[in-house]
$ cat model-v3.csv   # CSV, C-alpha atoms
chain,number,residue,atom,x,y,z
A,324,MET,CA,-5.0,-10.3,24.3
A,325,SER,CA,-1.6,-10.6,26.1
A,326,ASN,CA,0.2,-8.8,23.2
A,327,ASP,CA,-2.4,-6.0,23.4
A,328,ILE,CA,-1.9,-5.7,27.2
A,329,ASP,CA,1.9,-5.7,26.9
A,330,GLU,CA,1.7,-2.9,24.3
A,331,ILE,CA,-0.7,-0.8,26.4
A,332,ARG,CA,1.6,-1.2,29.4
A,333,SER,CA,4.8,-0.4,27.5
A,334,ALA,CA,3.3,2.6,25.7
A,335,LEU,CA,1.8,4.0,28.9
A,336,ARG,CA,4.9,3.5,31.0
A,337,ALA,CA,7.0,5.4,28.4
A,338,MET,CA,4.4,8.2,28.2
A,339,LEU,CA,4.0,8.6,31.9
A,340,GLY,CA,7.8,8.5,32.3
A,341,ASP,CA,7.7,11.9,30.5
A,342,THR,CA,4.6,13.4,32.0
A,343,SER,CA,4.3,12.0,35.6
A,344,THR,CA,7.9,12.0,37.0
A,345,PRO,CA,8.3,12.7,40.7
A,346,GLU,CA,8.8,16.4,39.8
A,347,HIS,CA,5.6,16.4,37.8
A,348,VAL,CA,3.8,14.8,40.8
A,349,VAL,CA,4.9,17.5,43.2
A,350,ALA,CA,4.0,20.3,40.7
A,351,ALA,CA,0.5,18.7,40.1
A,352,GLU,CA,-0.3,18.7,43.8
A,353,SER,CA,-0.8,22.4,43.9
A,354,ALA,CA,-3.5,22.2,41.2
A,355,GLY,CA,-5.0,19.0,42.4
A,356,TRP,CA,-4.4,17.1,39.2
A,357,ASN,CA,-1.8,16.5,36.4
A,358,GLU,CA,-3.4,18.4,33.4
A,359,GLY,CA,-0.5,17.7,31.1
A,360,ALA,CA,-0.6,14.0,31.6
A,361,TRP,CA,-4.4,13.9,31.1
A,362,ARG,CA,-4.0,15.9,27.8
A,363,VAL,CA,-1.6,13.4,26.5
A,364,LEU,CA,-3.8,10.5,27.5
A,365,ARG,CA,-6.7,12.0,25.7
A,366,GLU,CA,-4.7,12.8,22.6
A,367,THR,CA,-3.4,9.2,22.4
A,368,GLY,CA,-6.7,7.5,23.1
A,369,PHE,CA,-5.7,5.9,26.4
A,370,ALA,CA,-8.2,8.0,28.3
A,371,GLY,CA,-11.0,6.2,26.5
A,372,ILE,CA,-9.9,2.6,27.1
A,373,GLY,CA,-12.8,0.7,28.6
A,374,VAL,CA,-15.4,2.8,26.8
A,375,PRO,CA,-16.8,1.3,23.5
A,376,GLU,CA,-15.9,3.1,20.3
A,377,SER,CA,-19.6,3.5,19.6
A,378,ALA,CA,-19.8,5.7,22.8
A,379,GLY,CA,-16.8,7.8,21.9
A,380,GLY,CA,-14.1,5.7,23.5
A,381,SER,CA,-11.2,3.6,22.4
A,382,GLY,CA,-12.7,0.2,23.2
A,383,GLY,CA,-11.1,-2.4,25.4
A,384,THR,CA,-12.1,-4.7,28.3
A,385,LEU,CA,-12.0,-4.4,32.1
A,386,THR,CA,-8.7,-6.3,31.9
A,387,GLU,CA,-7.2,-3.5,29.7
A,388,ALA,CA,-8.7,-0.8,31.9
A,389,ALA,CA,-7.0,-2.5,34.9
A,390,VAL,CA,-3.6,-2.2,33.1
A,391,VAL,CA,-4.2,1.5,32.5
A,392,LEU,CA,-5.1,2.0,36.2
A,393,GLY,CA,-2.1,0.0,37.3
A,394,GLU,CA,0.3,2.2,35.3
A,395,LEU,CA,-1.4,5.3,36.5
A,396,GLY,CA,-1.0,4.1,40.1
A,397,ARG,CA,2.6,3.2,39.5
A,398,ALA,CA,3.4,6.7,38.3
A,399,SER,CA,1.3,8.5,40.9
A,400,ALA,CA,-0.5,10.1,38.0
A,401,SER,CA,-3.3,12.4,39.4
A,402,VAL,CA,-5.7,12.1,36.4
A,403,PRO,CA,-9.5,11.3,36.3
A,404,TYR,CA,-9.3,8.1,34.2
A,405,ALA,CA,-11.3,6.0,36.6
A,406,GLU,CA,-14.2,8.4,36.9
A,407,HIS,CA,-14.1,9.5,33.2
A,408,ALA,CA,-13.9,6.0,31.6
A,409,LEU,CA,-14.9,3.4,34.1
A,410,ILE,CA,-17.8,5.3,35.7
A,411,ALA,CA,-19.0,8.1,33.4
A,412,GLY,CA,-18.1,6.2,30.3
A,413,TRP,CA,-19.9,3.1,31.5
A,414,LEU,CA,-23.0,5.1,32.5
A,415,ALA,CA,-23.1,6.9,29.1
A,416,THR,CA,-22.7,3.6,27.2
A,417,ARG,CA,-25.5,1.9,29.3
A,418,ALA,CA,-27.8,4.7,28.4
A,419,GLY,CA,-26.9,4.6,24.7
A,420,LYS,CA,-25.2,8.0,24.8
A,421,GLN,CA,-21.9,9.5,23.8
A,422,LEU,CA,-19.1,10.4,26.2
A,423,ASP,CA,-18.1,13.6,24.6
A,424,ALA,CA,-16.7,15.5,27.6
A,425,GLN,CA,-13.0,16.6,27.8
A,426,VAL,CA,-13.1,15.6,31.5
A,427,ALA,CA,-16.0,13.8,33.0
A,428,THR,CA,-16.3,12.8,36.6
A,429,ALA,CA,-19.0,11.0,38.6
A,430,ALA,CA,-20.1,10.5,42.2
A,431,VAL,CA,-22.9,8.9,44.1
A,432,ALA,CA,-24.9,11.7,45.8
A,433,PRO,CA,-27.5,10.4,48.3
A,434,GLY,CA,-28.1,13.8,49.8
A,435,LEU,CA,-29.5,15.6,46.7
A,436,SER,CA,-33.1,16.5,46.3
A,437,VAL,CA,-34.9,16.6,42.9
A,438,ALA,CA,-37.6,19.3,42.5
A,439,ALA,CA,-40.7,18.9,40.4
A,440,ASP,CA,-39.0,20.8,37.6
A,441,GLU,CA,-36.1,18.4,37.8
A,442,THR,CA,-33.6,21.0,39.1
A,443,LEU,CA,-31.3,19.8,41.9
A,444,ARG,CA,-30.5,21.1,45.3
A,445,GLY,CA,-28.0,20.0,47.9
A,446,THR,CA,-24.3,19.3,48.4
A,447,VAL,CA,-22.1,16.5,47.2
A,448,GLN,CA,-18.9,16.0,49.2
A,449,ARG,CA,-15.5,14.9,47.9
A,450,VAL,CA,-16.2,14.7,44.2
A,451,PRO,CA,-13.0,13.6,42.4
A,452,TRP,CA,-11.6,16.2,40.0
A,453,ALA,CA,-14.8,18.3,40.0
A,454,ARG,CA,-13.0,21.6,39.6
A,455,SER,CA,-11.5,20.4,36.3
A,456,ALA,CA,-14.5,18.6,34.8
A,457,ASP,CA,-16.7,20.0,32.1
A,458,ARG,CA,-19.3,17.3,32.9
A,459,ILE,CA,-20.2,16.0,36.4
A,460,MET,CA,-22.5,13.0,36.6
A,461,VAL,CA,-24.3,12.7,40.0
A,462,ILE,CA,-25.9,9.4,40.8
A,463,ILE,CA,-28.9,9.9,43.1
A,464,PRO,CA,-30.0,6.6,44.8
A,465,ASP,CA,-33.6,5.8,45.6
A,466,ASP,CA,-35.6,2.7,46.3
A,467,ASP,CA,-35.7,1.5,42.7
A,468,GLY,CA,-32.1,2.3,41.6
A,469,ALA,CA,-30.9,5.8,40.9
A,470,SER,CA,-31.3,8.9,38.8
A,471,VAL,CA,-28.3,10.0,36.8
A,472,ALA,CA,-28.0,13.7,36.2
A,473,VAL,CA,-25.3,15.2,34.0
A,474,LEU,CA,-24.3,18.7,35.1
A,475,ALA,CA,-22.2,21.3,33.3
A,476,GLY,CA,-19.1,21.9,35.3
A,477,ASP,CA,-19.6,25.7,35.2
A,478,SER,CA,-23.2,25.5,36.4
A,479,VAL,CA,-22.3,24.5,40.0
A,480,ALA,CA,-20.5,26.0,42.9
A,481,ILE,CA,-17.2,24.2,43.6
A,482,THR,CA,-15.2,24.4,46.8
A,483,PRO,CA,-11.7,22.9,46.3
A,484,GLY,CA,-10.8,20.0,48.6
A,485,ARG,CA,-8.1,17.3,48.6
A,486,ASN,CA,-7.3,13.8,49.8
A,487,PHE,CA,-4.1,12.9,51.6
A,488,ALA,CA,-2.3,12.7,48.3
A,489,ASP,CA,-3.3,16.3,47.4
A,490,GLU,CA,-5.6,15.0,44.6
A,491,ALA,CA,-8.7,17.1,44.0
A,492,ARG,CA,-11.7,15.9,46.0
A,493,ASP,CA,-14.1,18.9,45.8
A,494,ARG,CA,-17.4,19.9,47.4
A,495,VAL,CA,-20.1,20.6,44.8
A,496,ASP,CA,-23.1,22.8,45.8
A,497,LEU,CA,-26.2,22.9,43.8
A,498,ASP,CA,-29.0,25.5,44.2
A,499,GLY,CA,-31.7,24.8,41.7
A,500,VAL,CA,-29.3,23.5,39.0
A,501,ALA,CA,-30.9,22.1,35.9
A,502,PRO,CA,-29.1,19.0,34.5
A,503,VAL,CA,-27.9,19.0,30.9
A,504,GLU,CA,-29.6,15.6,30.6
A,505,SER,CA,-30.7,12.8,32.9
A,506,TRP,CA,-31.8,9.2,32.9
A,507,ARG,CA,-32.6,6.3,35.2
A,508,ILE,CA,-30.5,3.2,36.2
A,509,ASP,CA,-31.8,0.2,38.0
A,510,ALA,CA,-30.5,-1.3,41.3
A,511,ASP,CA,-28.0,-3.4,39.4
A,512,GLY,CA,-26.7,-0.3,37.6
A,513,LEU,CA,-26.2,1.5,40.9
A,514,GLU,CA,-24.4,-1.5,42.3
A,515,GLN,CA,-22.1,-1.6,39.3
A,516,VAL,CA,-21.1,2.0,39.9
A,517,ARG,CA,-20.1,1.2,43.4
A,518,LEU,CA,-18.2,-1.9,42.3
A,519,ARG,CA,-16.4,-0.1,39.6
A,520,THR,CA,-15.3,2.7,42.0
A,521,ALA,CA,-13.9,0.1,44.4
A,522,PHE,CA,-12.3,-1.9,41.6
A,523,ALA,CA,-10.6,1.2,40.2
A,524,ARG,CA,-9.1,2.1,43.5
A,525,ALA,CA,-7.9,-1.5,44.0
A,526,ALA,CA,-6.2,-1.4,40.6
A,527,LEU,CA,-4.5,1.9,41.3
A,528,ILE,CA,-3.2,0.4,44.6
A,529,ALA,CA,-1.8,-2.7,42.9
A,530,GLY,CA,0.1,-0.5,40.4
A,531,ALA,CA,1.5,1.7,43.1
A,532,LEU,CA,2.5,-1.3,45.2
A,533,ALA,CA,4.5,-2.6,42.2
A,534,ARG,CA,6.5,0.6,42.1
A,535,VAL,CA,6.9,0.6,45.9
A,536,LEU,CA,8.4,-2.9,45.7
A,537,GLU,CA,10.8,-1.8,42.9
A,538,LEU,CA,12.0,1.2,45.0
A,539,THR,CA,12.4,-0.9,48.1
A,540,VAL,CA,14.5,-3.6,46.3
A,541,ARG,CA,16.6,-0.9,44.7
A,542,TYR,CA,17.2,1.1,47.8
A,543,THR,CA,18.1,-1.9,50.0
A,544,GLY,CA,20.5,-3.1,47.3
A,545,GLU,CA,22.3,0.2,47.1
A,546,ARG,CA,22.3,1.5,50.7
A,547,VAL,CA,25.5,0.3,52.4
A,548,GLN,CA,25.8,0.0,56.2
A,549,PHE,CA,28.6,-1.8,58.1
A,550,GLY,CA,30.4,-2.6,54.9
A,551,ARG,CA,27.5,-4.2,52.9
A,552,PRO,CA,24.2,-3.4,51.4
A,553,ILE,CA,21.4,-3.4,54.0
A,554,GLY,CA,19.4,-5.8,51.8
A,555,ARG,CA,21.8,-8.5,53.0
A,556,PHE,CA,20.6,-8.2,56.6
A,557,GLN,CA,17.8,-10.6,57.5
A,558,ALA,CA,15.8,-8.0,59.3
A,559,VAL,CA,15.7,-5.9,56.2
A,560,GLN,CA,15.1,-8.8,53.9
A,561,ARG,CA,11.9,-9.5,55.9
A,562,HIS,CA,10.5,-6.1,55.0
A,563,VAL,CA,11.3,-6.6,51.3
A,564,VAL,CA,9.6,-10.1,51.4
A,565,LYS,CA,6.5,-8.8,53.1
A,566,THR,CA,6.3,-6.0,50.5
A,567,ALA,CA,6.6,-8.4,47.7
A,568,GLU,CA,4.0,-10.8,49.2
A,569,GLN,CA,1.4,-8.0,49.5
A,570,THR,CA,2.1,-6.7,46.0
A,571,SER,CA,1.5,-10.1,44.5
A,572,LEU,CA,-1.7,-10.6,46.5
A,573,ALA,CA,-3.1,-7.2,45.4
A,574,THR,CA,-2.1,-7.8,41.7
A,575,MET,CA,-3.7,-11.2,41.6
A,576,ALA,CA,-6.9,-10.0,43.2
A,577,VAL,CA,-7.3,-7.2,40.7
A,578,GLU,CA,-6.5,-9.5,37.7
A,579,ALA,CA,-9.0,-12.1,39.0
A,580,ALA,CA,-11.7,-9.4,39.3
A,581,ALA,CA,-11.2,-8.3,35.7
A,582,HIS,CA,-10.5,-11.7,34.2
A,583,GLY,CA,-11.9,-12.6,30.8
A,584,GLU,CA,-14.1,-10.6,28.5
A,585,ARG,CA,-16.6,-9.6,31.2
A,586,GLU,CA,-18.3,-6.2,30.7
A,587,GLU,CA,-19.5,-6.0,34.3
A,588,LEU,CA,-18.0,-6.7,37.7
A,589,ASP,CA,-19.5,-9.0,40.3
A,590,LEU,CA,-19.6,-8.5,44.0
A,591,PRO,CA,-17.3,-11.4,45.2
A,592,ALA,CA,-14.5,-10.5,42.8
A,593,ALA,CA,-14.6,-6.7,43.1
A,594,ALA,CA,-15.1,-6.8,46.9
A,595,SER,CA,-12.3,-9.2,47.3
A,596,ALA,CA,-10.0,-7.1,45.1
A,597,LYS,CA,-10.7,-4.0,47.2
A,598,ILE,CA,-10.3,-5.8,50.5
A,599,VAL,CA,-7.0,-7.4,49.6
A,600,ALA,CA,-5.6,-4.2,48.0
A,601,SER,CA,-6.6,-2.0,50.8
A,602,GLN,CA,-5.0,-4.3,53.4
A,603,ALA,CA,-1.9,-4.6,51.2
A,604,ALA,CA,-1.6,-0.9,51.1
A,605,THR,CA,-1.4,-0.7,54.8
A,606,ILE,CA,1.0,-3.6,55.3
A,607,SER,CA,3.3,-2.8,52.4
A,608,SER,CA,3.7,0.9,53.2
A,609,ALA,CA,4.7,0.0,56.8
A,610,HIS,CA,7.3,-2.5,55.6
A,611,SER,CA,8.7,-0.4,52.8
A,612,HIS,CA,9.1,2.6,55.1
A,613,GLN,CA,10.9,0.4,57.6
A,614,ALA,CA,13.3,-0.6,54.9
A,615,HIS,CA,13.9,2.9,53.7
A,616,GLY,CA,14.1,4.8,56.9
A,617,ALA,CA,13.8,8.6,57.0
A,618,ILE,CA,14.2,9.2,53.3
A,619,GLY,CA,10.9,7.5,52.6
A,620,MET,CA,9.0,10.3,54.4
A,621,THR,CA,10.2,13.1,52.2
A,622,LYS,CA,7.7,14.7,49.8
A,623,GLU,CA,10.1,14.6,46.8
A,624,TYR,CA,11.0,11.0,47.1
A,625,GLU,CA,8.8,8.6,45.2
A,626,LEU,CA,8.0,6.4,48.2
A,627,GLY,CA,6.4,9.3,50.1
A,628,GLN,CA,4.3,10.2,47.0
A,629,LEU,CA,3.2,6.6,46.5
A,630,SER,CA,2.4,6.0,50.2
A,631,ARG,CA,0.1,9.1,50.5
A,632,ARG,CA,-1.8,7.7,47.5
A,633,LEU,CA,-2.0,4.2,49.0
A,634,TRP,CA,-3.4,5.6,52.3
A,635,SER,CA,-5.9,7.7,50.3
A,636,TRP,CA,-7.1,5.0,47.9
A,637,ARG,CA,-7.4,2.3,50.5
A,638,ASP,CA,-10.4,4.2,52.0
A,639,GLU,CA,-11.9,5.6,48.8
A,640,GLY,CA,-14.5,3.5,47.1
A,641,GLY,CA,-15.2,1.8,50.4
A,642,THR,CA,-12.8,0.6,53.1
A,643,ALA,CA,-11.7,-3.0,53.5
A,644,GLN,CA,-14.1,-3.2,56.5
A,645,HIS,CA,-17.0,-2.0,54.4
A,646,TRP,CA,-16.5,-4.5,51.6
A,647,SER,CA,-15.8,-7.3,54.1
A,648,ARG,CA,-19.2,-6.7,55.6
A,649,ARG,CA,-20.8,-6.6,52.2
A,650,LEU,CA,-19.2,-9.8,51.0
A,651,GLY,CA,-19.8,-11.7,54.2
A,652,THR,CA,-23.5,-10.7,54.3
A,653,ALA,CA,-24.0,-11.7,50.7
A,654,VAL,CA,-22.3,-15.1,51.2
A,655,ALA,CA,-24.3,-15.8,54.3
A,656,ALA,CA,-27.6,-14.8,52.6
A,657,ALA,CA,-26.8,-17.0,49.6
A,658,GLY,CA,-26.7,-20.1,51.7
A,659,THR,CA,-24.2,-23.0,52.3
A,660,ASP,CA,-24.6,-24.4,48.8
A,661,ALA,CA,-23.1,-21.2,47.3
A,662,VAL,CA,-20.0,-21.1,49.4
A,663,TRP,CA,-17.9,-23.8,47.6
A,664,PRO,CA,-18.7,-22.6,44.0
A,665,LEU,CA,-17.7,-19.1,45.1
A,666,VAL,CA,-14.4,-20.2,46.6
A,667,SER,CA,-13.5,-22.7,43.9
A,668,SER,CA,-14.6,-20.9,40.8
A,669,GLY,CA,-15.3,-17.3,41.6
A,670,THR,CA,-19.0,-17.6,40.6
A,671,ASP,CA,-21.2,-14.7,41.5
A,672,ALA,CA,-23.8,-16.8,43.2
A,673,ALA,CA,-23.4,-14.7,46.4
A,674,ALA,CA,-23.8,-11.5,44.5
A,675,ARG,CA,-27.4,-12.4,43.7
A,676,SER,CA,-28.3,-11.9,47.3
A,677,ARG,CA,-28.2,-8.1,48.0
A,678,ALA,CA,-26.2,-7.1,51.0
$ encode --input "model-v3.csv" --output "structure tokens"
Amino acid sequence: MSNDIDEIRSALRAMLGDTSTPEHVVAAESAGWNEGAWRVLRETGFAGIGVPESAGGSGGTLTEAAVVLGELGRASASVPYAEHALIAGWLATRAGKQLDAQVATAAVAPGLSVAADETLRGTVQRVPWARSADRIMVIIPDDDGASVAVLAGDSVAITPGRNFADEARDRVDLDGVAPVESWRIDADGLEQVRLRTAFARAALIAGALARVLELTVRYTGERVQFGRPIGRFQAVQRHVVKTAEQTSLATMAVEAAAHGEREELDLPAAASAKIVASQAATISSAHSHQAHGAIGMTKEYELGQLSRRLWSWRDEGGTAQHWSRRLGTAVAAAGTDAVWPLVSSGTDAAARSRA
């Protein structure tokens, strides 16, 4: 497994080094996504990691998917891997269907109404990559779980929108749109969609933080003031150390959430990963910008590109406050006997009590 992970990481880093440079990142922001990088990911099979081969993917576990997400975050690559593979791919697999879209995206859509003829009406806000998707999966929650409706991208009205990183987050309007196909998922399936969305953002954050740390160490080692590198000053060293601490915390939390051969995430691990990663995004960006000074705020410099993604991803998929409430409520409902097993071994006992 470790050799496979190293090979995935090495190959992806080289590939993204050619397709998601800081110059590519700036160019992609006008379109809302990096189409060239996505095309290469699809051609090489990386876009399908985490989706079983039987469903049209490349196979692989959540651990390998986390490596892909980490490298994408590190390179500020604006591509729909999380929604395409971890959400849409998982939903298709669960339903025994093929993921045959060039670009698939997915979003939970509580405001949609389903007519007697199964056509859909309503608006879905901030759908990632909707303008570029040929298939849009909307997950419509109800008392028993959710309905999953697959829509053709050209059958809906799309109003472009963006997050703070200039990644596509579009409004999708439906006025009597008939889905290409639809099916049901239970409450556990709906929960898994939410956990996977949170986990994906946590993994992207961890990857971005690793690059932020590299940039901070390099800059403070090269920038000279008063006759020596600024990294030798204790005040600056503190900023570097804090950035390193938070990077390690986020990385460990993501690795723990995906550990082993698990096919599904549990609430304690996924919630903890998102809480830790979102908090680390705030703390690390503050310290890294203090170490860099004004250059860190420029759009062309990597730190500025990464920071805007950190600030966007920390809130997407649920904020740290949201998942803290979910986790705390679940642990309290599970009872005192569940607390120590949860802390000591990461058991999902608390997850069995719905928050």
$ closest_residue --input "model-v3.csv" --among "A:Glu578, A:Glu514, A:Glu330, A:Glu623" --to "A:Ala526" --atoms "all atoms listed in the file"
A:Glu578
$ atom_distance --input "model-v3.csv" --atom1 "atom CA of A:Glu625" --atom2 "atom CA of A:Phe487"
15.0 Å
$ residues_around --input "model-v3.csv" --residues "A:Leu435" --least-positions-apart "6" --cutoff "10 Å" --atoms "all atoms listed in the file" --output "list in words"
Leu443, Arg444, Gly445, Thr446, Val447, Val461, Ile462, Ile463, Pro464, Asp496 and Leu497 of chain A
$ atom_distance --input "model-v3.csv" --atom1 "atom CA of A:Gln448" --atom2 "atom CA of A:Gly355"
15.8 Å
$ atom_distance --input "model-v3.csv" --atom1 "atom CA of A:Ser455" --atom2 "atom CA of A:Val426"
7.0 Å
$ closest_residue --input "model-v3.csv" --among "A:Ile606, A:Ala337, A:Leu650, A:Val599" --to "A:Ser630" --atoms "all atoms listed in the file"
A:Ile606
$ residues_near_point --input "model-v3.csv" --point "(-10.4, -6.3, 20.7)" --cutoff "9 Å" --atoms "all atoms listed in the file" --output "list in words"
Met324, Asp327, Gly382, Gly383 and Thr384 of chain A
$ residues_around --input "model-v3.csv" --residues "stretch 530-545 of chain A" --least-positions-apart "4" --cutoff "7 Å" --atoms "only C-alpha atoms" --output "CSV table (one decimal) with C-alpha atoms, keeping the file's coordinate frame"
chain,number,residue,atom,x,y,z
A,393,GLY,CA,-2.1,0.0,37.3
A,394,GLU,CA,0.3,2.2,35.3
A,396,GLY,CA,-1.0,4.1,40.1
A,397,ARG,CA,2.6,3.2,39.5
A,526,ALA,CA,-6.2,-1.4,40.6
A,552,PRO,CA,24.2,-3.4,51.4
A,553,ILE,CA,21.4,-3.4,54.0
A,554,GLY,CA,19.4,-5.8,51.8
A,563,VAL,CA,11.3,-6.6,51.3
A,566,THR,CA,6.3,-6.0,50.5
A,567,ALA,CA,6.6,-8.4,47.7
A,570,THR,CA,2.1,-6.7,46.0
A,611,SER,CA,8.7,-0.4,52.8
A,614,ALA,CA,13.3,-0.6,54.9
A,615,HIS,CA,13.9,2.9,53.7
A,626,LEU,CA,8.0,6.4,48.2
A,629,LEU,CA,3.2,6.6,46.5
$ residues_around --input "model-v3.csv" --residues "A:Ala529" --least-positions-apart "4" --cutoff "12 Å" --atoms "all atoms listed in the file" --output "ChimeraX atom specification"
/A:389-399,522-525,533-536,566-578,596-604,607,629,632-633,636-637
$ closest_residue --input "model-v3.csv" --among "A:Arg336, A:Arg649, A:Arg492, A:Arg507" --to "A:Ser595" --atoms "all atoms listed in the file"
A:Arg649
$ residues_around --input "model-v3.csv" --residues "A:Ile459" --least-positions-apart "6" --cutoff "7 Å" --atoms "only C-alpha atoms" --output "number ranges by chain"
A: 427-429, 453, 473-476
$ write_last_selection --input "model-v3.csv" --atoms "C-alpha atoms" --output "compact mmCIF listing (two decimals), keeping the file's coordinate frame"
# COMPACT_ATOMS: atom_id res chain seq x y z
CA ALA A 427 -16.00 13.80 33.00
CA THR A 428 -16.30 12.80 36.60
CA ALA A 429 -19.00 11.00 38.60
CA ALA A 453 -14.80 18.30 40.00
CA VAL A 473 -25.30 15.20 34.00
CA LEU A 474 -24.30 18.70 35.10
CA ALA A 475 -22.20 21.30 33.30
CA GLY A 476 -19.10 21.90 35.30
$ closest_residue --input "model-v3.csv" --among "A:Gly616, A:Gly550, A:Gly412, A:Gly468" --to "A:Glu376" --atoms "all atoms listed in the file"
A:Gly412
$ closest_residue --input "model-v3.csv" --among "A:Leu518, A:Ala491, A:Val547, A:Ala579" --to "A:Ala351" --atoms "all atoms listed in the file"
A:Ala491
$ closest_residue --input "model-v3.csv" --among "A:Ala521, A:Ala657, A:Ala424, A:Met620" --to "A:Thr642" --atoms "all atoms listed in the file"
A:Ala521
$ residues_near_point --input "model-v3.csv" --point "(-7.8, 22.4, 47.5)" --cutoff "8 Å" --atoms "only C-alpha atoms" --output "PyMOL selection string"
chain A and resi 353-355+482-485+489+491-493
